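J.: I have a structure I would like to understand better, so I am pasting it below and will then ask my questions one at a time.
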Amino acid sequence: SEGYHQHETEQRRIGAKLRKIPSEWETAELGELAEYQNGYGFSKEQWSDTGRLIIRIQDLTTPEESDRNYFDGEIDSKYEVENGDILVSWSATLGVFKWNRGDAVLNQHIFKVRNIEDIVSEQFLYHILDDSLTELERKLHGSTMKHVTRSAFEGTEVPLPPKNEQIQIAKTLDDIDQQIQSHQKHRSKLQRVKDGLMQDLLSGEVRTTDVSIDI
């Protein structure tokens, strides 16, 4: 029918999975798409109350709850992080994050993605990293300590569409991510309203017989 395009696909083994992908797509290992710089092993003696934030795993996963540690000194630029950098947590908690909290420095157990190859769109790489970590986490299911080795990570094979298609795929996934974030913010707001209202109702400070309660 009009507007429908049928593409020739073929089944290929990509890593441990059989995937049906368009025949014109390539595949690549993550290690072929970029470099992954591990963070610096800061000691407690290097912590400070001022300077740049030391990004630890908890600063990525639960930033509102984590205590802050800072570094006030000189460090190799490969450990420096700025807004827009893609960070990959590969130990204890697996995840990919886009940094947006200003200049900082990177602690160990986190990769900074750098020197991205021309064959891959940066935002597509972000999403394919997310998908790859989900798959790697499945393999580690049941393990008490989740830890991905560099060789396993960089050797993970992924589908690689033409670059113009990568950009469109990434845009579609970005739009969905924005909707998810919007719903999460709305849900958090409703939860705060409920928590406050629950206290008022259960203490009798607000009576359902006295007022009409609007949410």
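Each chain of the structure tokens is named A, B, ... in the order shown, its residues numbered from 1; ligands are numbered from 1 in display order.
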List every residue of segment 58-159 of chain A that has an atom at most 9 Å from any atom of segment 49-53 of chain A, giving for each one its closest atom pair and the distance in Å to one decimal, counting only C-alpha atoms, sorted by chain and then by ascending residue number, as a Markdown table.
T.:
| residue | atom | partner | partner_atom | distance |
| --- | --- | --- | --- | --- |
| A:Arg68 | CA | A:Leu53 | CA | 7.0 |
| A:Asn69 | CA | A:Leu53 | CA | 6.0 |
| A:Tyr70 | CA | A:Leu53 | CA | 4.4 |
| A:Phe71 | CA | A:Gly51 | CA | 5.2 |
| A:Asp72 | CA | A:Gly51 | CA | 4.2 |
| A:Gly73 | CA | A:Gly51 | CA | 7.5 |
| A:Gly102 | CA | A:Leu53 | CA | 8.8 |
| A:Asp103 | CA | A:Arg52 | CA | 6.6 |
| A:Ala104 | CA | A:Arg52 | CA | 4.9 |
| A:Val105 | CA | A:Leu53 | CA | 6.2 |
| A:Leu106 | CA | A:Leu53 | CA | 8.5 |
J.: Can you write just those residues out, C-alpha atoms, as a short mmCIF file (atom, residue, chain, number, x, y, z; two decimals), in the first residue's frame?
T.:
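Contents of part_11.cif, as written:
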data_model
loop_
_atom_site.label_atom_id
_atom_site.label_comp_id
_atom_site.auth_asym_id
_atom_site.auth_seq_id
_atom_site.Cartn_x
_atom_site.Cartn_y
_atom_site.Cartn_z
CA ARG A 68 29.00 15.14 47.38
CA ASN A 69 32.76 14.74 47.12
CA TYR A 70 34.88 17.32 45.30
CA PHE A 71 38.39 17.55 43.87
CA ASP A 72 40.30 20.83 44.00
CA GLY A 73 43.42 20.20 41.97
CA GLY A 102 28.54 21.13 34.81
CA ASP A 103 32.29 20.56 34.81
CA ALA A 104 33.33 17.59 36.92
CA VAL A 105 35.92 14.80 37.21
CA LEU A 106 35.35 11.07 36.78
#
J.: Find the residues around Glu137 of chain A up to 9 Å (only C-alpha atoms counted), leave out those fewer than 6 positions away in its own chain, and share them as JSON, numbers by chain.
T.: {"A": [94, 146, 147, 148]}
J.: Per residue of segment 16-65 of chain A within 10 Å of segment 162-171 of chain A, what are the shortest atom pair and its distance in Å to one decimal, counting only C-alpha atoms, with rows by chain and residue number, as a Markdown table?
T.:
| residue | atom | partner | partner_atom | distance |
| --- | --- | --- | --- | --- |
| A:Glu24 | CA | A:Pro162 | CA | 8.2 |
| A:Trp25 | CA | A:Pro162 | CA | 6.6 |
| A:Glu26 | CA | A:Pro162 | CA | 8.0 |
J.: Output all heavy atoms of each residue in that selection to a file, as a short mmCIF file (atom, residue, chain, number, x, y, z; two decimals), in the first residue's frame.
T.:
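Output file out12.cif is given in full below:
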data_model
loop_
_atom_site.label_atom_id
_atom_site.label_comp_id
_atom_site.auth_asym_id
_atom_site.auth_seq_id
_atom_site.Cartn_x
_atom_site.Cartn_y
_atom_site.Cartn_z
N GLU A 24 21.05 -4.39 4.31
CA GLU A 24 22.07 -3.38 4.03
C GLU A 24 22.75 -2.85 5.29
O GLU A 24 23.72 -2.09 5.21
CB GLU A 24 21.47 -2.21 3.24
CG GLU A 24 20.50 -1.32 4.00
CD GLU A 24 19.06 -1.80 3.88
OE1 GLU A 24 18.86 -3.00 3.56
OE2 GLU A 24 18.15 -0.99 4.13
N TRP A 25 22.26 -3.25 6.47
CA TRP A 25 22.88 -2.80 7.71
C TRP A 25 24.18 -3.56 7.95
O TRP A 25 24.34 -4.72 7.57
CB TRP A 25 21.96 -3.05 8.89
CG TRP A 25 20.82 -2.09 8.99
CD1 TRP A 25 20.32 -1.27 8.02
CD2 TRP A 25 19.98 -1.89 10.14
NE1 TRP A 25 19.24 -0.58 8.48
CE2 TRP A 25 19.01 -0.93 9.78
CE3 TRP A 25 19.96 -2.43 11.43
CZ2 TRP A 25 18.03 -0.49 10.67
CZ3 TRP A 25 19.00 -2.01 12.32
CH2 TRP A 25 18.04 -1.04 11.94
N GLU A 26 25.11 -2.89 8.62
CA GLU A 26 26.36 -3.52 9.05
C GLU A 26 26.23 -3.89 10.53
O GLU A 26 25.22 -3.60 11.18
CB GLU A 26 27.53 -2.54 8.87
CG GLU A 26 27.71 -2.02 7.45
CD GLU A 26 28.20 -3.10 6.50
OE1 GLU A 26 28.79 -4.09 6.99
OE2 GLU A 26 28.01 -2.94 5.28
#
J.: DSSP says strand (DSSP E) for which residues of segment 17-203 of chain A? Put them as a PyMOL selection string?
T.: chain A and resi 17-22+26-29+35-38+52-55+70-71+80-81+86-91+93-98+104-106+110-114+157-160
J.: Looking at only C-alpha atoms, which of A:Leu60, A:Val113, A:Ile119, A:Ala152 is the one that sits closest to Gly84 of chain A?
T.: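 For Gly84 of chain A, the nearest of the given residues is A:Val113.
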J.: Neighbours of Gln37 of chain A within 10 Å (only C-alpha atoms; same-chain residues fewer than 4 positions away dropped), as JSON, numbers by chain?
T.: {"A": [78, 79, 87, 88, 106, 108, 109, 110, 111, 112, 113, 114, 115]}
J.: Limited to C-alpha atoms, could you put the picked residues into a file as a PDB file, in the first residue's frame?
T.:
ATOM      1  CA  LYS A  78      40.959  12.507  29.993  1.00  0.00           C
ATOM      2  CA  TYR A  79      39.317  12.343  33.444  1.00  0.00           C
ATOM      3  CA  LEU A  87      29.062   8.120  30.842  1.00  0.00           C
ATOM      4  CA  VAL A  88      28.760   4.368  31.316  1.00  0.00           C
ATOM      5  CA  LEU A 106      35.351  11.074  36.785  1.00  0.00           C
ATOM      6  CA  GLN A 108      36.742   4.815  38.716  1.00  0.00           C
ATOM      7  CA  HIS A 109      34.177   2.191  37.626  1.00  0.00           C
ATOM      8  CA  ILE A 110      32.675   4.622  35.123  1.00  0.00           C
ATOM      9  CA  PHE A 111      33.648   4.972  31.461  1.00  0.00           C
ATOM     10  CA  LYS A 112      33.631   8.297  29.630  1.00  0.00           C
ATOM     11  CA  VAL A 113      32.858   7.816  25.931  1.00  0.00           C
ATOM     12  CA  ARG A 114      35.386   9.675  23.795  1.00  0.00           C
ATOM     13  CA  ASN A 115      36.750   9.836  20.244  1.00  0.00           C
TER      14      ASN A 115
END
J.: Report as a list in words: the residues of segment 71-148 of chain A with a DSSP assignment of alpha helix (DSSP H), based on the backbone of this structure.
T.: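 Going through segment 71-148 of chain A, the alpha helix (DSSP H) residues come out as Glu122, Gln123, Phe124, Leu125, Tyr126, His127, Ile128, Leu129, Asp130, Asp131, Ser132, Leu133, Thr134, Glu135, Leu136, Glu137, Arg138 and Lys139 of chain A.
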J.: How far is it from atom CA of Ser151 of chain A to atom CA of Ser132 of chain A, in Å with one decimal?
T.: 13.6 Å
J.: State, in Å with one decimal place, the distance from atom CA of Gly41 of chain A to atom CA of Asp85 of chain A.
T.: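 Computed distance, atom CA of Gly41 of chain A to atom CA of Asp85 of chain A, equals 19.3 Å.
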J.: Name the residues in contact with Glu10 of chain A at a cut-off of 6 Å, using only C-alpha atoms, excluding same-chain residues fewer than 5 positions from it; report them as a list of chain:residue names.
T.: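 Contacts, in chain order: A:Lys20, A:Ile21, A:Ser23.
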J.: Considering only C-alpha atoms, can you say which of A:Ile176, A:Met198, A:Val81, A:Leu133 comes closest to Thr149 of chain A?
T.: A:Leu133
J.: For Pro63 of chain A, which residue out of A:Arg101, A:Gln199, A:Leu33, A:Glu122 is the nearest one, using only C-alpha atoms?
T.: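 Ranking A:Arg101, A:Gln199, A:Leu33, A:Glu122 by distance to Pro63 of chain A, first place goes to A:Arg101.
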J.: One number please: atom CA of Gln46 of chain A to atom CA of Thr62 of chain A, in Å, one decimal.
T.: 22.6 Å
J.: So which residues touch Pro22 of chain A within 12 Å, counting only C-alpha atoms, skipping near sequence neighbours fewer than 6 positions away, as a PDB file with C-alpha atoms, in the first residue's frame?
T.:
ATOM      1  CA  GLN A   6       9.097  -3.397   2.581  1.00  0.00           C
ATOM      2  CA  HIS A   7      12.783  -3.903   3.263  1.00  0.00           C
ATOM      3  CA  GLU A   8      14.691  -7.065   2.627  1.00  0.00           C
ATOM      4  CA  THR A   9      15.850  -8.502   5.948  1.00  0.00           C
ATOM      5  CA  GLU A  10      18.082 -11.347   6.964  1.00  0.00           C
ATOM      6  CA  GLN A  11      18.647 -13.154  10.216  1.00  0.00           C
ATOM      7  CA  ARG A  12      22.114 -12.671  11.636  1.00  0.00           C
ATOM      8  CA  PRO A 159      23.613  -3.531  14.595  1.00  0.00           C
ATOM      9  CA  LEU A 160      24.834  -0.496  12.669  1.00  0.00           C
ATOM     10  CA  PRO A 161      22.361   1.096  10.234  1.00  0.00           C
ATOM     11  CA  PRO A 162      23.423   3.789   7.722  1.00  0.00           C
ATOM     12  CA  GLU A 165      18.920   6.119   9.648  1.00  0.00           C
TER      13      GLU A 165
END
